[in-house]
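S.K.: Handing over start-v9.cif, mmCIF, C-alpha atoms.
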data_start
loop_
_atom_site.group_PDB
_atom_site.id
_atom_site.type_symbol
_atom_site.label_atom_id
_atom_site.label_comp_id
_atom_site.auth_asym_id
_atom_site.auth_seq_id
_atom_site.Cartn_x
_atom_site.Cartn_y
_atom_site.Cartn_z
ATOM 1 C CA MET S 1 11.579 43.558 -4.594
ATOM 2 C CA PRO S 2 14.342 44.514 -2.114
ATOM 3 C CA ASP S 3 14.254 48.072 -0.829
ATOM 4 C CA THR S 4 16.983 49.855 -2.818
ATOM 5 C CA GLN S 5 17.753 52.550 -0.279
ATOM 6 C CA ASP S 6 17.885 50.040 2.569
ATOM 7 C CA MET S 7 20.364 47.888 0.673
ATOM 8 C CA VAL S 8 22.531 50.938 0.022
ATOM 9 C CA ARG S 9 22.345 52.074 3.647
ATOM 10 C CA ARG S 10 23.563 48.676 4.789
ATOM 11 C CA GLY S 11 26.393 48.585 2.220
ATOM 12 C CA PRO S 12 29.998 49.293 3.154
ATOM 13 C CA LEU S 13 29.949 52.795 1.672
ATOM 14 C CA ALA S 14 27.166 53.745 4.072
ATOM 15 C CA GLN S 15 29.556 53.043 6.925
ATOM 16 C CA GLY S 16 32.208 55.560 5.828
ATOM 17 C CA ARG S 17 33.887 56.747 2.664
ATOM 18 C CA ASP S 18 37.648 56.661 2.307
ATOM 19 C CA ARG S 19 38.735 59.253 -0.277
ATOM 20 C CA ARG S 20 41.071 56.754 -1.911
ATOM 21 C CA THR S 21 38.975 53.593 -1.741
ATOM 22 C CA PHE S 22 35.973 52.363 -3.685
ATOM 23 C CA VAL S 23 34.323 49.413 -1.931
ATOM 24 C CA ALA S 24 31.190 47.537 -2.946
ATOM 25 C CA GLY S 25 29.668 44.156 -2.088
ATOM 26 C CA VAL S 26 32.467 41.846 -1.087
ATOM 27 C CA ALA S 27 35.289 44.203 -0.144
ATOM 28 C CA ALA S 28 38.070 41.941 -1.351
ATOM 29 C CA LEU S 29 36.543 41.873 -4.829
ATOM 30 C CA LEU S 30 35.525 45.499 -5.111
ATOM 31 C CA ALA S 31 38.404 47.506 -3.583
ATOM 32 C CA SER S 32 39.912 49.991 -6.026
ATOM 33 C CA ALA S 33 41.143 53.588 -6.155
ATOM 34 C CA TRP S 34 38.610 56.342 -6.811
ATOM 35 C CA PRO S 35 39.567 59.782 -5.483
ATOM 36 C CA SER S 36 36.812 62.253 -4.755
ATOM 37 C CA GLY S 37 36.007 64.860 -7.416
ATOM 38 C CA ARG S 38 33.652 65.915 -10.156
ATOM 39 C CA ILE S 39 33.660 67.280 -13.693
ATOM 40 C CA SER S 40 31.884 70.336 -15.007
ATOM 41 C CA ALA S 41 29.182 70.128 -17.661
ATOM 42 C CA SER S 42 30.404 69.540 -21.220
ATOM 43 C CA PRO S 43 28.748 69.017 -24.613
ATOM 44 C CA VAL S 44 27.206 65.612 -25.352
ATOM 45 C CA GLY S 45 29.740 63.162 -26.712
ATOM 46 C CA LEU S 46 32.782 65.304 -25.894
ATOM 47 C CA LEU S 47 34.010 65.948 -22.364
ATOM 48 C CA ASN S 48 36.874 68.276 -21.646
ATOM 49 C CA LEU S 49 39.001 66.858 -18.869
ATOM 50 C CA GLY S 50 41.869 69.144 -17.941
ATOM 51 C CA GLU S 51 44.160 69.068 -20.953
ATOM 52 C CA GLY S 52 42.546 65.867 -22.197
ATOM 53 C CA THR S 53 39.200 64.847 -23.680
ATOM 54 C CA VAL S 54 36.797 61.940 -23.486
ATOM 55 C CA GLU S 55 34.400 61.313 -26.370
ATOM 56 C CA THR S 56 32.284 58.425 -27.546
ATOM 57 C CA ALA S 57 32.219 56.575 -30.845
ATOM 58 C CA SER S 58 29.320 54.344 -31.849
ATOM 59 C CA ASP S 59 29.819 50.728 -32.894
ATOM 60 C CA GLY S 60 26.203 50.560 -34.061
ATOM 61 C CA THR S 61 23.347 48.871 -32.220
ATOM 62 C CA LEU S 62 22.449 45.432 -30.857
ATOM 63 C CA LEU S 63 19.183 43.558 -30.553
ATOM 64 C CA SER S 64 17.911 41.721 -27.497
ATOM 65 C CA SER S 65 14.592 41.097 -25.743
ATOM 66 C CA LEU S 66 13.081 42.082 -22.417
ATOM 67 C CA GLY S 67 12.552 38.402 -21.708
ATOM 68 C CA PHE S 68 16.302 37.844 -21.878
ATOM 69 C CA MET S 69 17.160 41.049 -20.011
ATOM 70 C CA LEU S 70 14.705 40.382 -17.157
ATOM 71 C CA PRO S 71 14.363 36.621 -16.713
ATOM 72 C CA GLU S 72 12.865 36.821 -13.206
ATOM 73 C CA ALA S 73 10.737 39.988 -13.201
ATOM 74 C CA PRO S 74 6.937 39.535 -13.453
ATOM 75 C CA ARG S 75 5.636 40.951 -16.706
ATOM 76 C CA ALA S 76 3.099 43.184 -14.944
ATOM 77 C CA GLU S 77 5.896 44.847 -12.958
ATOM 78 C CA VAL S 78 7.974 45.281 -16.106
ATOM 79 C CA ASP S 79 5.044 46.929 -17.896
ATOM 80 C CA ALA S 80 4.433 49.238 -14.924
ATOM 81 C CA LEU S 81 8.108 50.204 -14.773
ATOM 82 C CA PHE S 82 8.292 51.199 -18.430
ATOM 83 C CA ARG S 83 4.915 52.937 -18.286
ATOM 84 C CA ALA S 84 6.128 55.064 -15.356
ATOM 85 C CA ALA S 85 9.255 55.910 -17.374
ATOM 86 C CA GLY S 86 7.127 56.944 -20.342
ATOM 87 C CA GLU S 87 8.643 54.278 -22.565
ATOM 88 C CA PRO S 88 7.192 51.265 -24.416
ATOM 89 C CA ALA S 89 7.664 47.973 -22.593
ATOM 90 C CA GLU S 90 9.803 46.431 -25.295
ATOM 91 C CA ALA S 91 13.457 46.213 -26.174
ATOM 92 C CA GLY S 92 14.500 48.662 -28.855
ATOM 93 C CA PRO S 93 17.907 48.890 -30.561
ATOM 94 C CA ILE S 94 20.638 48.900 -27.906
ATOM 95 C CA PRO S 95 23.356 51.560 -28.362
ATOM 96 C CA THR S 96 27.026 50.589 -28.235
ATOM 97 C CA ASN S 97 29.370 53.421 -27.313
ATOM 98 C CA ALA S 98 33.116 52.920 -27.221
ATOM 99 C CA SER S 99 35.133 55.778 -25.706
ATOM 100 C CA ILE S 100 38.172 57.649 -26.987
ATOM 101 C CA VAL S 101 40.386 59.235 -24.341
ATOM 102 C CA ARG S 102 43.060 61.716 -25.390
ATOM 103 C CA ILE S 103 45.321 62.317 -22.415
ATOM 104 C CA GLY S 104 49.052 62.481 -21.706
ATOM 105 C CA GLY S 105 49.906 62.352 -25.429
ATOM 106 C CA GLU S 106 48.010 59.076 -25.908
ATOM 107 C CA VAL S 107 44.928 58.134 -27.900
ATOM 108 C CA ILE S 108 43.247 55.437 -25.824
ATOM 109 C CA LEU S 109 40.238 53.416 -26.963
ATOM 110 C CA ILE S 110 38.034 51.997 -24.214
ATOM 111 C CA ASP S 111 36.479 48.811 -25.631
ATOM 112 C CA ALA S 112 36.809 47.832 -29.271
ATOM 113 C CA GLY S 113 33.273 46.967 -30.343
ATOM 114 C CA SER S 114 32.143 43.660 -31.776
ATOM 115 C CA GLY S 115 33.612 43.466 -35.257
ATOM 116 C CA ASN S 116 31.502 42.060 -38.072
ATOM 117 C CA SER S 117 30.777 38.581 -36.724
ATOM 118 C CA PHE S 118 28.435 39.309 -33.814
ATOM 119 C CA GLN S 119 25.300 41.098 -35.030
ATOM 120 C CA PRO S 120 24.780 42.736 -38.440
ATOM 121 C CA THR S 121 23.702 46.045 -36.898
ATOM 122 C CA ALA S 122 26.998 46.389 -35.003
ATOM 123 C CA GLY S 123 30.654 46.440 -36.011
ATOM 124 C CA LYS S 124 30.567 50.077 -37.171
ATOM 125 C CA LEU S 125 33.358 51.429 -34.947
ATOM 126 C CA ALA S 126 36.003 51.672 -37.687
ATOM 127 C CA GLU S 127 33.662 53.857 -39.771
ATOM 128 C CA THR S 128 32.798 56.041 -36.782
ATOM 129 C CA LEU S 129 36.442 56.553 -35.864
ATOM 130 C CA GLU S 130 37.312 57.463 -39.443
ATOM 131 C CA ALA S 131 34.468 59.989 -39.549
ATOM 132 C CA ALA S 132 35.806 61.497 -36.297
ATOM 133 C CA GLY S 133 39.279 61.822 -37.800
ATOM 134 C CA VAL S 134 40.816 59.075 -35.659
ATOM 135 C CA SER S 135 42.895 56.636 -37.677
ATOM 136 C CA ARG S 136 43.223 53.088 -36.398
ATOM 137 C CA GLU S 137 46.998 53.510 -36.567
ATOM 138 C CA ALA S 138 46.814 56.503 -34.175
ATOM 139 C CA VAL S 139 45.356 54.458 -31.313
ATOM 140 C CA THR S 140 48.140 53.838 -28.788
ATOM 141 C CA ARG S 141 46.246 51.679 -26.320
ATOM 142 C CA VAL S 142 43.028 49.661 -26.229
ATOM 143 C CA VAL S 143 41.598 49.118 -22.749
ATOM 144 C CA PHE S 144 38.884 46.498 -22.223
ATOM 145 C CA THR S 145 36.263 46.687 -19.487
ATOM 146 C CA HIS S 146 35.472 43.005 -19.972
ATOM 147 C CA ALA S 147 35.627 40.240 -22.556
ATOM 148 C CA HIS S 148 32.081 39.989 -23.899
ATOM 149 C CA PRO S 149 32.046 39.933 -27.727
ATOM 150 C CA ASP S 150 30.584 43.414 -28.217
ATOM 151 C CA HIS S 151 33.509 44.917 -26.281
ATOM 152 C CA LEU S 152 36.361 42.674 -27.411
ATOM 153 C CA TRP S 153 35.962 41.061 -30.820
ATOM 154 C CA GLY S 154 36.403 44.308 -32.757
ATOM 155 C CA ALA S 155 40.104 44.386 -31.857
ATOM 156 C CA VAL S 156 40.854 41.638 -34.421
ATOM 157 C CA ASP S 157 39.884 41.620 -38.097
ATOM 158 C CA ASP S 158 37.253 38.985 -38.865
ATOM 159 C CA PHE S 159 38.791 37.994 -42.190
ATOM 160 C CA ASP S 160 42.578 37.896 -41.897
ATOM 161 C CA ASP S 161 42.956 37.764 -38.089
ATOM 162 C CA SER S 162 45.095 40.933 -38.104
ATOM 163 C CA GLU S 163 44.976 43.563 -35.374
ATOM 164 C CA ARG S 164 42.601 46.408 -36.186
ATOM 165 C CA PHE S 165 44.757 48.774 -34.115
ATOM 166 C CA PRO S 166 48.257 47.735 -35.197
ATOM 167 C CA ASN S 167 50.209 50.263 -33.109
ATOM 168 C CA ALA S 168 48.283 49.733 -29.875
ATOM 169 C CA ARG S 169 49.036 47.854 -26.734
ATOM 170 C CA TYR S 170 46.133 46.222 -24.912
ATOM 171 C CA VAL S 171 44.992 46.200 -21.300
ATOM 172 C CA VAL S 172 42.483 43.805 -19.725
ATOM 173 C CA PRO S 173 41.402 43.243 -16.118
ATOM 174 C CA ALA S 174 43.550 40.404 -14.758
ATOM 175 C CA ALA S 175 40.531 38.475 -13.462
ATOM 176 C CA GLU S 176 38.889 38.709 -16.902
ATOM 177 C CA TRP S 177 41.968 37.262 -18.544
ATOM 178 C CA ASP S 178 42.142 34.431 -16.024
ATOM 179 C CA PHE S 179 38.487 33.515 -16.548
ATOM 180 C CA TRP S 180 38.055 33.820 -20.317
ATOM 181 C CA THR S 181 41.355 32.232 -21.352
ATOM 182 C CA ARG S 182 40.900 29.043 -19.325
ATOM 183 C CA ASP S 183 40.702 25.912 -21.462
ATOM 184 C CA ASP S 184 37.287 24.955 -20.101
ATOM 185 C CA VAL S 185 35.663 28.384 -20.150
ATOM 186 C CA GLU S 186 32.671 27.117 -22.140
ATOM 187 C CA THR S 187 31.762 24.847 -19.212
ATOM 188 C CA LYS S 188 31.670 27.824 -16.811
ATOM 189 C CA VAL S 189 29.074 29.920 -18.643
ATOM 190 C CA PRO S 190 25.368 29.478 -19.473
ATOM 191 C CA ASP S 191 24.338 27.853 -22.746
ATOM 192 C CA TRP S 192 23.714 31.145 -24.588
ATOM 193 C CA LEU S 193 27.304 32.195 -23.928
ATOM 194 C CA LYS S 194 29.200 28.967 -24.652
ATOM 195 C CA GLY S 195 30.109 29.590 -28.283
ATOM 196 C CA LEU S 196 30.758 33.269 -27.625
ATOM 197 C CA ALA S 197 33.092 32.397 -24.763
ATOM 198 C CA VAL S 198 35.232 30.304 -27.115
ATOM 199 C CA GLY S 199 35.424 33.284 -29.478
ATOM 200 C CA SER S 200 36.492 35.600 -26.664
ATOM 201 C CA ARG S 201 39.182 33.159 -25.546
ATOM 202 C CA ARG S 202 40.515 33.014 -29.093
ATOM 203 C CA THR S 203 40.574 36.824 -29.422
ATOM 204 C CA LEU S 204 42.368 37.335 -26.106
ATOM 205 C CA LYS S 205 44.978 34.692 -26.959
ATOM 206 C CA ARG S 206 45.514 36.313 -30.360
ATOM 207 C CA LEU S 207 46.440 39.570 -28.560
ATOM 208 C CA GLU S 208 48.436 37.947 -25.764
ATOM 209 C CA ALA S 209 51.879 39.144 -26.900
ATOM 210 C CA LYS S 210 50.792 42.784 -26.510
ATOM 211 C CA MET S 211 48.329 42.346 -23.646
ATOM 212 C CA GLU S 212 48.870 43.850 -20.198
ATOM 213 C CA ARG S 213 46.832 42.571 -17.254
ATOM 214 C CA ARG S 214 45.937 45.007 -14.499
ATOM 215 C CA LYS S 215 44.105 44.746 -11.194
ATOM 216 C CA PRO S 216 41.543 47.221 -9.822
ATOM 217 C CA GLY S 217 43.248 50.275 -8.380
ATOM 218 C CA GLU S 218 46.261 49.935 -10.664
ATOM 219 C CA THR S 219 47.153 52.609 -13.194
ATOM 220 C CA ILE S 220 46.484 51.325 -16.700
ATOM 221 C CA ALA S 221 47.537 54.433 -18.670
ATOM 222 C CA PRO S 222 48.260 58.088 -17.874
ATOM 223 C CA GLY S 223 45.286 59.315 -15.809
ATOM 224 C CA LEU S 224 43.375 56.012 -16.113
ATOM 225 C CA THR S 225 42.642 53.538 -13.321
ATOM 226 C CA TYR S 226 40.576 50.364 -13.210
ATOM 227 C CA VAL S 227 37.653 50.381 -10.744
ATOM 228 C CA ALA S 228 36.303 46.935 -9.863
ATOM 229 C CA THR S 229 32.656 46.543 -10.906
ATOM 230 C CA PRO S 230 32.244 42.728 -11.095
ATOM 231 C CA GLY S 231 29.143 40.633 -11.469
ATOM 232 C CA HIS S 232 28.304 41.218 -15.115
ATOM 233 C CA THR S 233 31.463 39.165 -15.695
ATOM 234 C CA PRO S 234 33.930 37.905 -13.073
ATOM 235 C CA GLY S 235 36.514 40.623 -13.645
ATOM 236 C CA HIS S 236 34.427 43.429 -15.122
ATOM 237 C CA ALA S 237 36.122 46.757 -14.405
ATOM 238 C CA SER S 238 35.113 50.320 -15.150
ATOM 239 C CA VAL S 239 37.710 52.910 -16.130
ATOM 240 C CA LEU S 240 38.160 56.070 -14.074
ATOM 241 C CA VAL S 241 39.693 58.927 -16.086
ATOM 242 C CA GLU S 242 41.208 61.736 -14.001
ATOM 243 C CA ALA S 243 42.824 65.091 -14.649
ATOM 244 C CA GLY S 244 43.461 66.927 -11.394
ATOM 245 C CA ARG S 245 40.145 66.860 -9.528
ATOM 246 C CA GLU S 246 38.101 66.266 -12.663
ATOM 247 C CA GLN S 247 36.784 62.761 -13.262
ATOM 248 C CA VAL S 248 34.805 60.663 -15.726
ATOM 249 C CA LEU S 249 33.815 57.045 -15.080
ATOM 250 C CA ILE S 250 33.590 54.875 -18.198
ATOM 251 C CA GLY S 251 31.321 52.180 -16.821
ATOM 252 C CA GLY S 252 31.268 49.461 -19.469
ATOM 253 C CA ASP S 253 28.242 47.270 -18.702
ATOM 254 C CA ALA S 254 28.049 47.906 -14.954
ATOM 255 C CA LEU S 255 24.950 50.042 -15.665
ATOM 256 C CA SER S 256 23.659 48.898 -19.003
ATOM 257 C CA HIS S 257 20.010 49.944 -19.366
ATOM 258 C CA ALA S 258 18.722 53.492 -18.943
ATOM 259 C CA VAL S 259 15.497 52.362 -17.244
ATOM 260 C CA ILE S 260 16.166 49.012 -15.592
ATOM 261 C CA SER S 261 19.670 49.561 -14.218
ATOM 262 C CA PHE S 262 18.700 52.853 -12.545
ATOM 263 C CA ARG S 263 15.056 52.467 -11.524
ATOM 264 C CA ARG S 264 15.243 48.792 -10.561
ATOM 265 C CA PRO S 265 18.945 48.087 -9.882
ATOM 266 C CA ALA S 266 18.059 45.185 -7.579
ATOM 267 C CA TRP S 267 16.354 43.251 -10.373
ATOM 268 C CA ALA S 268 18.303 40.327 -11.805
ATOM 269 C CA PHE S 269 19.689 41.059 -15.280
ATOM 270 C CA GLY S 270 19.893 38.200 -17.760
ATOM 271 C CA SER S 271 23.396 38.778 -19.120
ATOM 272 C CA ASP S 272 25.046 39.028 -15.676
ATOM 273 C CA LEU S 273 27.082 35.932 -14.850
ATOM 274 C CA ASP S 274 26.850 36.516 -11.096
ATOM 275 C CA ARG S 275 23.518 38.241 -10.675
ATOM 276 C CA ASP S 276 23.705 38.790 -6.916
ATOM 277 C CA LEU S 277 27.163 40.352 -7.147
ATOM 278 C CA ALA S 278 26.075 42.494 -10.098
ATOM 279 C CA ILE S 279 23.174 43.833 -8.019
ATOM 280 C CA ARG S 280 25.503 44.774 -5.167
ATOM 281 C CA THR S 281 27.835 46.448 -7.620
ATOM 282 C CA ARG S 282 25.007 48.469 -9.204
ATOM 283 C CA LEU S 283 23.644 49.652 -5.870
ATOM 284 C CA THR S 284 26.997 50.850 -4.603
ATOM 285 C CA LEU S 285 28.029 52.378 -7.921
ATOM 286 C CA LEU S 286 24.766 54.300 -8.223
ATOM 287 C CA ASP S 287 25.123 55.576 -4.671
ATOM 288 C CA ARG S 288 28.642 56.824 -5.335
ATOM 289 C CA LEU S 289 27.856 58.413 -8.687
ATOM 290 C CA ALA S 290 24.813 60.219 -7.288
ATOM 291 C CA ASN S 291 26.667 61.446 -4.203
ATOM 292 C CA GLU S 292 29.794 62.677 -5.975
ATOM 293 C CA ARG S 293 28.140 63.734 -9.251
ATOM 294 C CA VAL S 294 30.827 62.066 -11.312
ATOM 295 C CA THR S 295 30.046 62.016 -15.034
ATOM 296 C CA LEU S 296 29.177 58.534 -16.310
ATOM 297 C CA VAL S 297 29.780 57.094 -19.763
ATOM 298 C CA GLY S 298 27.809 53.888 -20.337
ATOM 299 C CA PHE S 299 28.503 51.554 -23.248
ATOM 300 C CA HIS S 300 24.802 50.758 -23.742
ATOM 301 C CA LEU S 301 23.221 53.959 -22.436
ATOM 302 C CA PRO S 302 21.211 56.163 -24.823
ATOM 303 C CA GLY S 303 22.588 58.749 -27.203
ATOM 304 C CA SER S 304 26.309 59.154 -26.696
ATOM 305 C CA GLY S 305 26.121 57.261 -23.388
ATOM 306 C CA VAL S 306 27.190 60.367 -21.432
ATOM 307 C CA GLY S 307 25.218 61.619 -18.444
ATOM 308 C CA ARG S 308 24.894 61.697 -14.696
ATOM 309 C CA VAL S 309 23.081 59.766 -11.983
ATOM 310 C CA GLU S 310 20.407 61.383 -9.804
ATOM 311 C CA ARG S 311 18.337 59.978 -6.961
ATOM 312 C CA SER S 312 14.668 59.470 -7.765
ATOM 313 C CA GLY S 313 12.483 58.355 -4.872
ATOM 314 C CA ASP S 314 13.874 55.093 -3.539
ATOM 315 C CA ALA S 315 15.917 54.492 -6.710
ATOM 316 C CA TYR S 316 17.810 56.516 -9.333
ATOM 317 C CA ARG S 317 17.553 57.910 -12.821
ATOM 318 C CA PHE S 318 19.989 58.476 -15.673
ATOM 319 C CA VAL S 319 20.102 62.048 -16.957
ATOM 320 C CA PRO S 320 21.745 62.261 -20.400
ATOM 321 C CA ALA S 321 24.156 65.152 -20.892
#
Could you spell out this file's structure in C-alpha cells?

M.R.:
Amino acid sequence: MPDTQDMVRRGPLAQGRDRRTFVAGVAALLASAWPSGRISASPVGLLNLGEGTVETASDGTLLSSLGFMLPEAPRAEVDALFRAAGEPAEAGPIPTNASIVRIGGEVILIDAGSGNSFQPTAGKLAETLEAAGVSREAVTRVVFTHAHPDHLWGAVDDFDDSERFPNARYVVPAAEWDFWTRDDVETKVPDWLKGLAVGSRRTLKRLEAKMERRKPGETIAPGLTYVATPGHTPGHASVLVEAGREQVLIGGDALSHAVISFRRPAWAFGSDLDRDLAIRTRLTLLDRLANERVTLVGFHLPGSGVGRVERSGDAYRFVPA
C-alpha cells in the first residue's frame, strides 16, 4: 500500500498553500476557491454559520458489499483494518445525508436523494424534510455534487415525472453535465453503471430548462462555491459554504466511508470511475481538512454525516460531531 503521508508530502499542497486556491492531483482539474477559515463546534445535524445554518436530512439507507467497495484489497488486510477500527468487517446499511443550507434568504438543498426507484430502503428525503418543517415548495435551489442516482434521481417524481421541488432552480457541475448527458454515456461507464447512467441522463435532461452549470471556484448561490473533488465521477464537486471566516464543506462522495476513506484513502474504491484520480483527491482533501479543521458533511458518513478530520498515525480518522 502506498505511504499516505509520503503521497501527501509530495502533493501540490505540500509545496505551498495559496489562501484562495484549492489544488489537488492534476492542478488543471482540481483548482477551485477555498479561503482559509474554520467553524466553531455546533450540535450534531445543525451547524450555525453566521446568520445561516447547515443541517442534514436523511434519505434513508443503501446496501452494498465490501467486495464491491474494495475490489482490489486483500481480504486479510480488510479484516485487519476493520478489526483495528473496532468494527465488523462487513458492509452495514449506508447512510444517505442530504444537506439543507439556509443562507442569504434562500433554502438550498444539496443533493436530492434517490427517489423511489433506486433501492427500497432509500427515497425517504421528502418525509424527512416534512418532519423538519421544510416544504418542498420552500426550496429555492437544488445543488448537485454529482449525478449518481442516490444524489440526483430524487429531484423528479418517479410516477408523473414532475419536479419534486417545483419552485427551485438547479445547479450541477459543468463537467458532470457534459459527461452524463452525452448520447453514448452508457458506453463510458462500467457494466454495473450502464442502466443507471441512462437514468441519470434522463433526469438531467428533464431539468435542463432550469439547470445552471457551474465550474469549480464559481459562486453557485449566496455563500456557496463549488470545490473540485473529481475521481468518484468526472466532475464531482464538493460545496463550500461560507459566512465570514466560518466554513463548512459538504463533501458529497469525495470521502464516502468512515473507515476506508480515512484510514486507507489510497485504496481503490469500487464506485470511483477514475480510481487513481479519486485517491489523489482524497489524500489532498484529507490533508486540507485536517490542517484547517474545517467541518465536513459527508453524504454517506455515519449519523448526520457531520464531523471533522484528524490525523491518526500515517492516515486519518473521522470524528463525528

S.K.: Using only C-alpha atoms, which residue out of S:Thr281, S:Val259, S:Leu240, S:Arg317 lies closest to S:Arg83?

M.R.: S:Val259

S.K.: Atom CA of S:Gly104 to atom CA of S:Leu204: how many Å, to one decimal?

M.R.: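 Spanning atom CA of S:Gly104 to atom CA of S:Leu204 is a straight-line distance of 26.4 Å.
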
S.K.: Please report the interatomic distance between atom CA of S:His232 and atom CA of S:Gly307 in Å with one decimal.

M.R.: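 Spanning atom CA of S:His232 to atom CA of S:Gly307 is a straight-line distance of 20.9 Å.
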
S.K.: Expanded to explicit residues, what is the PyMOL selection byres ((chain S and resi 161-169) around 6) for this file, as a list of chain:residue names?

M.R.: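 What the PyMOL selection byres ((chain S and resi 161-169) around 6) grabs from the file is S:Arg136, S:Glu137, S:Val139, S:Thr140, S:Arg141, S:Ala155, S:Val156, S:Asp157, S:Asp158, S:Phe159, S:Asp160, S:Tyr170, S:Lys210.
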
S.K.: Tell me which of S:Thr181, S:Ser271, S:Thr229, S:Ser304 sits closest to S:Leu286, counting only C-alpha atoms.

M.R.: S:Thr229

S.K.: Using the chain letters and numbering of this document, enumerate as a list in words the residues selected by the PyMOL selection byres ((chain S and resi 312) around 12).

M.R.: Thr4, Gln5, Ala85, Val259, Phe262, Arg263, Arg264, Leu286, Asp287, Ala290, Val309, Glu310, Arg311, Gly313, Asp314, Ala315, Tyr316, Arg317, Phe318 and Val319 of chain S

S.K.: Using Å and a single decimal, report how far atom CA of S:Glu72 sits from atom CA of S:Lys194.

M.R.: 21.4 Å

S.K.: Which one is closest to S:His146: S:Ala57, S:Ala228, S:Val198, S:Val185? Count all atoms listed in the file.

M.R.: S:Ala228

S.K.: Which is closest to S:His236 among S:Arg308, S:Arg275, S:His148, S:His257, if we use all atoms listed in the file?

M.R.: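 That would be S:His148, the residue with the smallest distance to S:His236.
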
S.K.: Applying 10 Å and only C-alpha atoms, which residues near S:Ala254 remain after dropping the ones on its own chain fewer than 6 positions away? List them as an NGL selection string.

M.R.: :S and (145 or 228-233 or 236-238 or 261 or 272 or 278-279 or 281-282 or 285-286 or 298-300)

S.K.: Decode the PyMOL selection byres ((chain S and resi 196) around 10) for the given file into explicit residues and return them as a list in words.

M.R.: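 Taken on the displayed file, the PyMOL selection byres ((chain S and resi 196) around 10) yields the residues Phe118, Ala147, His148, Pro149, Trp153, Glu186, Val189, Asp191, Trp192, Leu193, Lys194, Gly195, Ala197, Val198, Gly199, Ser200, Arg201 and Arg202 of chain S.
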
S.K.: Between S:Gly113, S:Pro265, S:Gly105, S:Gly235, which residue has the minimum interatomic distance to S:Ala126, considering all atoms listed in the file?

M.R.: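 Answer, going by the shortest atom-to-atom distance: S:Gly113.
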
S.K.: With distances taken over all atoms listed in the file, which residue among S:Tyr226, S:Gly133, S:Thr61, S:Arg206 lies nearest S:Val171?

M.R.: S:Tyr226

S.K.: Find the residues near S:Val239: any atom within 8 Å, counting all atoms listed in the file, skip ones fewer than 6 places away on the same chain, and give them as a PyMOL selection string.

M.R.: chain S and resi 145+224-227+249-251
